[in-house]
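A short write-up of the structure that comes next.
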Amino acid sequence: MPSLSRPVSLWRAVAAAAFGVGLAASAPARADSLTVNADTSDAQPKAAFQEVVHRFQAANPGTQVTLNVYDHESYKQSIRNWLTSAPPDVVLWYTGTRMRQFVRPGLLADVSAVWTAPMKQAFGTTAVALVTDDGRQYAVPYTQYQYGLYYRSDILQKAGVGPITTWDALLGACDKLNAAGVAPIALGSKDLWPTAAWFDYLDLRINGYAAHMQLMSGKMSYTDPKVRNVFAHWKQLLDHKCFNANHTELSMQESQPLLYQGRAGMMLIGNFITENFSPDMQKVMKFEPFPSITTSVARAEDAPMDSVSIPQGARNKAGAMKFLAFMMQPDIQAMINAHEKQIPANGQAKLIDDPYLVEGRALLAATPDHAQFFDRDTNEALATLAMKGFQEFMVRPARLDRILAGIDRARLRIYATTN
């Protein structure tokens with residue numbers, strides 16, 4: 001999930017002690033030592049990378065890997081400092097814009113050597129493009145997941161709601177669910193980032209991927225008529241009372257019980273929500289891609305993809321390149337994603353038998369353009385300000401002009417020296 005798109009744990013930095021490793025991220029490296037910094041502090045991702053380390057060391061006798069694991073927020077705040085002052089040998093990070101923000105100042109190493117022709121074919125053009133800058137590759141992706149509407153099929157069926165494949169069908173579903181006494185869409189906007197999913201999908205479905213990325217890169221004004229059209233559609237959702245009334249008081253996690261208790265019908269969220277489905281919920285929870293709005297616009301999906309990179313200042317680049325090549329292997333990607341219940345970036349990696357992931361992989365394979373989520377695709381400071389504006393709009397839509405003007409002033413200031 002975003003922000004940058006996964007749930008946030010309490011701050012902690014823990015090492016993979018089970019493999020006899022320490023926490024010295026900047027300790028001098030030997031030819032047989034490797035330091036990996038990761039933000040996999042949640043239980044399943046942490047276990048997955050402990051297993052990666054175990055298997056890598058078994059495949060490379062004599063190599064000692066130090067795995068430093070941090071929570072998501074402290075990791076985001078620290079990574080630039082590591083890259084500029086005390087770089088480890090490998091870092092977990094993101095693809096697309098977030099990767100390029102470190103490539104262009106020269107903070108990430110070129111890893112094109114591991115991207116052989118067979119590997120490019122296995123990962124596919126979308127994944128390769130997301131780790132490429134100026135024709136060179138700077139990361140290896142290992143996992144991604146789809147976004148879309150997760151809904152209670154039993155509740156929607158009882159309310160007379162059919163497939164939600166068009167904009168009118170979504171608005172009609174809101175009306176029918178309200179009439180049935182059910183909040184149509186569960187939302188927890190206290191976290192801010194859940195509102196960004198709505199902006200992303202409205203913009204992608206109305207204006208298309210190319211225009212969306214122009215906006216994300218600061219090359220389009222937030223006062224542009226195309227952006228105003230996004231908010232005109234968003235206002236229709238508000239007019240149809242599509243969201244639970246108290247969404248600003250709830251975090252994403254706190255909004256989920258509305259679904260589980262039958263008080264809401266659906267939620268726009270990433271596939272990570274399925275980790276919380278009970279066996280009973282798994283029987284009734286279904287997935288639907290976000291509906292079409294402008295039929296002439298090609299579909300694109302929010303599908304965040306995580307990756308591993310090598311800092312330019314890494315002491316053991318040869319060992320790090322071995323680690324990245326190891327991370328590309330189908331069996332390693334299959335293992336990681338079996339733990340995380342996500343989709344391997346390597347298309348040859350086996351997918352676990354999970355109906356949501358099977359649908360997700362098919363959806364993403366049929367969709368060439370994958371946005372990485374609002375707060376990954378645009379400047380982080382601008383994203384924070386804009387998401388506050390999105391939340392404010394949902395409560396006070398009459399303030400739209402002021403909100404968009406404020407976001408655009410920030411865009412002009414932030415991107416003044418980069419565009």
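Chain labels follow the order of the structure tokens: the first chain is A, the next B, and so on; residue numbering restarts at 1 in every chain, and ligands are counted from 1 in their shown order.
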
With region 125-130 of chain A as the partner and 12 Å as the cut-off, tabulate the residues of region 242-321 of chain A that qualify, each row holding the nearest pair of atoms and their distance in Å to one decimal, using only C-alpha atoms, sorted by chain and rising number, as JSON lines.
```
{"residue": "A:Ala300", "atom": "CA", "partner": "A:Thr126", "partner_atom": "CA", "distance": 11.5}
{"residue": "A:Glu301", "atom": "CA", "partner": "A:Thr126", "partner_atom": "CA", "distance": 11.8}
{"residue": "A:Ala303", "atom": "CA", "partner": "A:Ala127", "partner_atom": "CA", "distance": 10.7}
{"residue": "A:Pro304", "atom": "CA", "partner": "A:Leu130", "partner_atom": "CA", "distance": 10.3}
{"residue": "A:Met305", "atom": "CA", "partner": "A:Ala127", "partner_atom": "CA", "distance": 8.2}
{"residue": "A:Asp306", "atom": "CA", "partner": "A:Leu130", "partner_atom": "CA", "distance": 10.1}
{"residue": "A:Ser307", "atom": "CA", "partner": "A:Leu130", "partner_atom": "CA", "distance": 9.9}
```

Those of region 227-386 of chain A in DSSP strand (DSSP E or B), formatted as a compact mmCIF listing (two decimals) with all heavy atoms, in the first residue's frame:
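Contents of the output file part_11.txt:
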```
# COMPACT_ATOMS: atom_id res chain seq x y z
N PHE A 243 -19.48 7.58 0.04
CA PHE A 243 -18.50 7.27 1.08
C PHE A 243 -19.11 7.33 2.47
O PHE A 243 -20.07 8.09 2.71
CB PHE A 243 -17.31 8.23 1.01
CG PHE A 243 -16.62 8.24 -0.33
CD1 PHE A 243 -16.91 9.23 -1.27
CD2 PHE A 243 -15.70 7.26 -0.66
CE1 PHE A 243 -16.30 9.25 -2.51
CE2 PHE A 243 -15.07 7.27 -1.91
CZ PHE A 243 -15.37 8.26 -2.83
N ALA A 264 -20.59 -1.61 5.04
CA ALA A 264 -20.16 -0.98 3.79
C ALA A 264 -20.07 -2.05 2.72
O ALA A 264 -19.87 -3.24 3.02
CB ALA A 264 -18.83 -0.26 3.95
N GLY A 265 -20.20 -1.62 1.46
CA GLY A 265 -20.25 -2.60 0.39
C GLY A 265 -18.94 -2.86 -0.31
O GLY A 265 -18.70 -3.98 -0.77
N MET A 266 -18.08 -1.83 -0.40
CA MET A 266 -16.85 -2.02 -1.17
C MET A 266 -15.77 -1.04 -0.72
O MET A 266 -16.03 -0.15 0.09
CB MET A 266 -17.13 -1.86 -2.67
CG MET A 266 -17.70 -0.51 -3.06
SD MET A 266 -18.23 -0.42 -4.80
CE MET A 266 -19.93 0.09 -4.61
N MET A 267 -14.58 -1.23 -1.28
CA MET A 267 -13.44 -0.40 -0.91
C MET A 267 -12.47 -0.37 -2.09
O MET A 267 -12.22 -1.40 -2.73
CB MET A 267 -12.75 -1.00 0.32
CG MET A 267 -11.75 -0.11 1.02
SD MET A 267 -11.21 -0.91 2.58
CE MET A 267 -10.49 0.49 3.41
N LEU A 268 -11.93 0.80 -2.40
CA LEU A 268 -10.86 0.92 -3.40
C LEU A 268 -9.54 0.81 -2.66
O LEU A 268 -9.16 1.71 -1.91
CB LEU A 268 -10.96 2.25 -4.14
CG LEU A 268 -9.87 2.54 -5.17
CD1 LEU A 268 -9.85 1.48 -6.27
CD2 LEU A 268 -10.03 3.93 -5.77
N ILE A 269 -8.82 -0.28 -2.91
CA ILE A 269 -7.65 -0.58 -2.08
C ILE A 269 -6.74 -1.53 -2.82
O ILE A 269 -7.13 -2.13 -3.84
CB ILE A 269 -8.10 -1.18 -0.71
CG1 ILE A 269 -7.01 -1.09 0.34
CG2 ILE A 269 -8.65 -2.58 -0.88
CD1 ILE A 269 -6.70 0.32 0.82
N GLY A 270 -5.53 -1.72 -2.32
CA GLY A 270 -4.59 -2.67 -2.90
C GLY A 270 -4.83 -4.08 -2.39
O GLY A 270 -5.51 -4.29 -1.37
N MET A 285 -15.92 -11.93 -0.43
CA MET A 285 -15.19 -10.78 -0.96
C MET A 285 -14.72 -11.07 -2.39
O MET A 285 -14.09 -12.09 -2.65
CB MET A 285 -13.99 -10.45 -0.08
CG MET A 285 -14.33 -9.91 1.30
SD MET A 285 -15.23 -8.34 1.28
CE MET A 285 -14.13 -7.27 0.38
N LYS A 286 -15.03 -10.15 -3.29
CA LYS A 286 -14.65 -10.29 -4.69
C LYS A 286 -13.86 -9.06 -5.14
O LYS A 286 -13.88 -8.02 -4.48
CB LYS A 286 -15.89 -10.45 -5.57
CG LYS A 286 -16.82 -11.58 -5.17
CD LYS A 286 -16.15 -12.94 -5.28
CE LYS A 286 -17.12 -14.05 -4.90
NZ LYS A 286 -16.44 -15.40 -4.94
N PHE A 287 -13.19 -9.22 -6.27
CA PHE A 287 -12.38 -8.13 -6.84
C PHE A 287 -12.94 -7.70 -8.18
O PHE A 287 -13.33 -8.53 -8.99
CB PHE A 287 -10.93 -8.58 -7.01
CG PHE A 287 -10.07 -7.60 -7.76
CD1 PHE A 287 -9.57 -6.47 -7.13
CD2 PHE A 287 -9.79 -7.79 -9.12
CE1 PHE A 287 -8.79 -5.54 -7.82
CE2 PHE A 287 -9.01 -6.87 -9.81
CZ PHE A 287 -8.51 -5.75 -9.16
N GLU A 288 -12.95 -6.39 -8.41
CA GLU A 288 -13.37 -5.82 -9.69
C GLU A 288 -12.41 -4.69 -10.04
O GLU A 288 -12.16 -3.81 -9.21
CB GLU A 288 -14.80 -5.27 -9.57
CG GLU A 288 -15.41 -4.82 -10.88
CD GLU A 288 -16.02 -5.96 -11.68
OE1 GLU A 288 -16.74 -6.78 -11.10
OE2 GLU A 288 -15.73 -6.02 -12.89
N SER A 292 -14.57 1.74 -16.16
CA SER A 292 -14.25 2.69 -17.23
C SER A 292 -15.06 3.97 -17.05
O SER A 292 -16.17 3.94 -16.50
CB SER A 292 -14.57 2.09 -18.60
OG SER A 292 -13.76 0.97 -18.86
N GLU A 301 -3.50 0.86 -14.79
CA GLU A 301 -3.79 0.43 -13.42
C GLU A 301 -2.74 0.96 -12.45
O GLU A 301 -1.57 1.11 -12.80
CB GLU A 301 -3.81 -1.10 -13.31
CG GLU A 301 -4.80 -1.80 -14.23
CD GLU A 301 -6.25 -1.47 -13.92
OE1 GLU A 301 -6.56 -1.13 -12.76
OE2 GLU A 301 -7.09 -1.58 -14.84
N ASP A 302 -3.18 1.24 -11.23
CA ASP A 302 -2.23 1.42 -10.13
C ASP A 302 -1.71 0.05 -9.75
O ASP A 302 -2.49 -0.85 -9.39
CB ASP A 302 -2.92 2.06 -8.92
CG ASP A 302 -2.72 3.57 -8.85
OD1 ASP A 302 -1.82 4.08 -9.53
OD2 ASP A 302 -3.47 4.23 -8.11
N MET A 305 5.22 -1.44 -7.61
CA MET A 305 6.24 -2.48 -7.81
C MET A 305 7.47 -2.12 -6.99
O MET A 305 7.99 -1.01 -7.09
CB MET A 305 6.59 -2.57 -9.29
CG MET A 305 7.63 -3.63 -9.63
SD MET A 305 7.93 -3.73 -11.43
CE MET A 305 6.48 -4.63 -11.97
N ASP A 306 7.91 -3.05 -6.15
CA ASP A 306 9.09 -2.83 -5.31
C ASP A 306 10.31 -3.49 -5.94
O ASP A 306 10.20 -4.45 -6.71
CB ASP A 306 8.85 -3.41 -3.91
CG ASP A 306 7.72 -2.70 -3.18
OD1 ASP A 306 7.33 -1.60 -3.61
OD2 ASP A 306 7.23 -3.24 -2.17
N SER A 307 11.49 -2.99 -5.57
CA SER A 307 12.70 -3.43 -6.24
C SER A 307 13.90 -3.41 -5.31
O SER A 307 13.82 -2.93 -4.17
CB SER A 307 12.97 -2.54 -7.46
OG SER A 307 13.23 -1.20 -7.03
N VAL A 308 15.02 -3.92 -5.81
CA VAL A 308 16.30 -3.84 -5.11
C VAL A 308 17.30 -3.13 -6.02
O VAL A 308 17.30 -3.33 -7.24
CB VAL A 308 16.84 -5.23 -4.70
CG1 VAL A 308 16.06 -5.78 -3.53
CG2 VAL A 308 16.80 -6.21 -5.87
N SER A 309 18.13 -2.28 -5.42
CA SER A 309 19.13 -1.52 -6.17
C SER A 309 20.46 -1.55 -5.44
O SER A 309 20.55 -1.97 -4.27
CB SER A 309 18.68 -0.05 -6.32
OG SER A 309 17.55 0.06 -7.16
N PRO A 311 23.55 0.97 -4.25
CA PRO A 311 24.03 2.35 -4.13
C PRO A 311 25.33 2.54 -4.91
O PRO A 311 26.17 1.63 -4.99
CB PRO A 311 24.26 2.51 -2.62
CG PRO A 311 23.37 1.48 -1.98
CD PRO A 311 23.37 0.32 -2.93
N ILE A 343 2.36 -10.47 -6.29
CA ILE A 343 2.61 -10.97 -7.63
C ILE A 343 4.08 -10.83 -7.96
O ILE A 343 4.64 -9.73 -7.88
CB ILE A 343 1.77 -10.19 -8.66
CG1 ILE A 343 0.28 -10.30 -8.33
CG2 ILE A 343 2.05 -10.70 -10.08
CD1 ILE A 343 -0.59 -9.33 -9.13
N PRO A 344 4.77 -11.91 -8.32
CA PRO A 344 6.18 -11.79 -8.72
C PRO A 344 6.34 -10.91 -9.94
O PRO A 344 5.52 -10.95 -10.87
CB PRO A 344 6.59 -13.24 -9.02
CG PRO A 344 5.57 -14.10 -8.35
CD PRO A 344 4.30 -13.31 -8.37
N HIS A 370 1.33 0.88 -16.03
CA HIS A 370 1.15 0.69 -14.59
C HIS A 370 1.64 1.93 -13.85
O HIS A 370 2.84 2.20 -13.80
CB HIS A 370 1.93 -0.53 -14.08
CG HIS A 370 1.51 -1.81 -14.69
ND1 HIS A 370 2.19 -3.01 -14.46
CD2 HIS A 370 0.48 -2.14 -15.52
CE1 HIS A 370 1.59 -3.98 -15.13
NE2 HIS A 370 0.56 -3.47 -15.77
N ALA A 371 0.72 2.70 -13.30
CA ALA A 371 1.10 3.79 -12.40
C ALA A 371 1.55 3.18 -11.07
O ALA A 371 1.15 2.08 -10.71
CB ALA A 371 -0.06 4.74 -12.19
```

Quiz item: So how many Å separate CA of Val111 (chain A) and CA of Gly319 (chain A), to one decimal?
Solution: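 Computing it gives 12.2 Å between the two atoms.
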
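For the choices A:Ala211, A:Val114, A:Ala122, A:Leu92, the atom-to-atom distance to Ile310 (chain A) is smallest for A:Leu92 when using only C-alpha atoms.
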
Cut-off 9 Å: closest region 257-327 of chain A/region 51-59 of chain A atom pairs per residue, using only C-alpha atoms, as a tab-separated table:
```
residue	atom	partner	partner_atom	distance
A:Phe323	CA	A:Phe56	CA	7.3
A:Phe326	CA	A:Phe56	CA	7.2
A:Met327	CA	A:Val52	CA	8.1
```

Find the residues near Leu363 (chain A): any atom within 9 Å, counting only C-alpha atoms, skip ones fewer than 3 places away on the same chain, and give them as a CSV table (one decimal) with N, CA, C and O atoms, in the first residue's frame.
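Written file, selection.csv:
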```
chain,number,residue,atom,x,y,z
A,146,GLN,N,-2.0,-5.4,-7.4
A,146,GLN,CA,-3.0,-4.6,-8.1
A,146,GLN,C,-3.8,-3.8,-7.1
A,146,GLN,O,-4.0,-4.2,-5.9
A,289,PRO,N,-11.9,-4.7,-11.3
A,289,PRO,CA,-11.1,-3.5,-11.6
A,289,PRO,C,-11.9,-2.2,-11.6
A,289,PRO,O,-13.1,-2.3,-11.7
A,301,GLU,N,-3.5,0.9,-14.8
A,301,GLU,CA,-3.8,0.4,-13.4
A,301,GLU,C,-2.7,1.0,-12.5
A,301,GLU,O,-1.6,1.1,-12.8
A,358,VAL,N,-4.5,-14.3,-8.9
A,358,VAL,CA,-4.7,-14.8,-10.2
A,358,VAL,C,-5.4,-13.8,-11.1
A,358,VAL,O,-5.0,-13.5,-12.2
A,359,GLU,N,-6.4,-13.2,-10.6
A,359,GLU,CA,-7.1,-12.1,-11.3
A,359,GLU,C,-6.2,-10.9,-11.5
A,359,GLU,O,-6.2,-10.3,-12.5
A,360,GLY,N,-5.4,-10.6,-10.4
A,360,GLY,CA,-4.5,-9.4,-10.5
A,360,GLY,C,-3.4,-9.6,-11.6
A,360,GLY,O,-3.1,-8.7,-12.3
A,366,ALA,N,-2.6,-7.8,-19.0
A,366,ALA,CA,-3.4,-7.2,-20.1
A,366,ALA,C,-3.3,-5.7,-20.2
A,366,ALA,O,-3.9,-5.1,-21.1
A,367,THR,N,-2.6,-5.1,-19.2
A,367,THR,CA,-2.6,-3.6,-19.1
A,367,THR,C,-1.1,-3.2,-19.2
A,367,THR,O,-0.4,-3.3,-18.3
```

Ile293 (chain A): which residues within 7 Å, counting only C-alpha atoms, same-chain residues fewer than 4 positions away excluded, as a CSV table (one decimal) with N, CA and C atoms, in the first residue's frame?
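Below is the file around-v9.csv, written as the result:
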```csv
chain,number,residue,atom,x,y,z
A,166,THR,N,-18.8,0.3,-15.4
A,166,THR,CA,-18.9,1.6,-15.9
A,166,THR,C,-19.1,2.6,-14.8
A,167,TRP,N,-18.9,3.9,-15.1
A,167,TRP,CA,-19.1,5.0,-14.2
A,167,TRP,C,-20.6,5.1,-13.7
A,205,ARG,N,-8.6,7.1,-15.7
A,205,ARG,CA,-9.8,6.7,-16.5
A,205,ARG,C,-10.3,7.8,-17.4
A,206,ILE,N,-10.2,9.1,-16.9
A,206,ILE,CA,-10.7,10.2,-17.7
A,206,ILE,C,-9.7,10.8,-18.6
```

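Between Thr378 (chain A) and the candidates A:Asn229, A:Gln137, A:Ser217, A:Ser85, the tightest atom-to-atom separation, counting only C-alpha atoms, involves A:Ser217.
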
Exercise. Might you pull out every residue within 10 Å of Gln44 (chain A), with only C-alpha atoms counted and same-chain residues fewer than 6 positions away left off, and present them as a VMD selection string?
Key: chain A and resid 50 336 to 341

Output file for the selection above: C-alpha atoms, as a short mmCIF file (atom, residue, chain, number, x, y, z; two decimals), in the first residue's frame:
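Wrote out-v6.cif, looks like this:
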```cif
data_model
loop_
_atom_site.label_atom_id
_atom_site.label_comp_id
_atom_site.auth_asym_id
_atom_site.auth_seq_id
_atom_site.Cartn_x
_atom_site.Cartn_y
_atom_site.Cartn_z
CA GLN A 50 15.36 -13.73 6.00
CA ILE A 336 9.08 -14.01 -1.62
CA ASN A 337 5.63 -13.50 -3.05
CA ALA A 338 4.25 -16.64 -1.47
CA HIS A 339 5.17 -15.06 1.87
CA GLU A 340 3.86 -11.62 0.95
CA LYS A 341 0.80 -12.81 -1.02
#
```
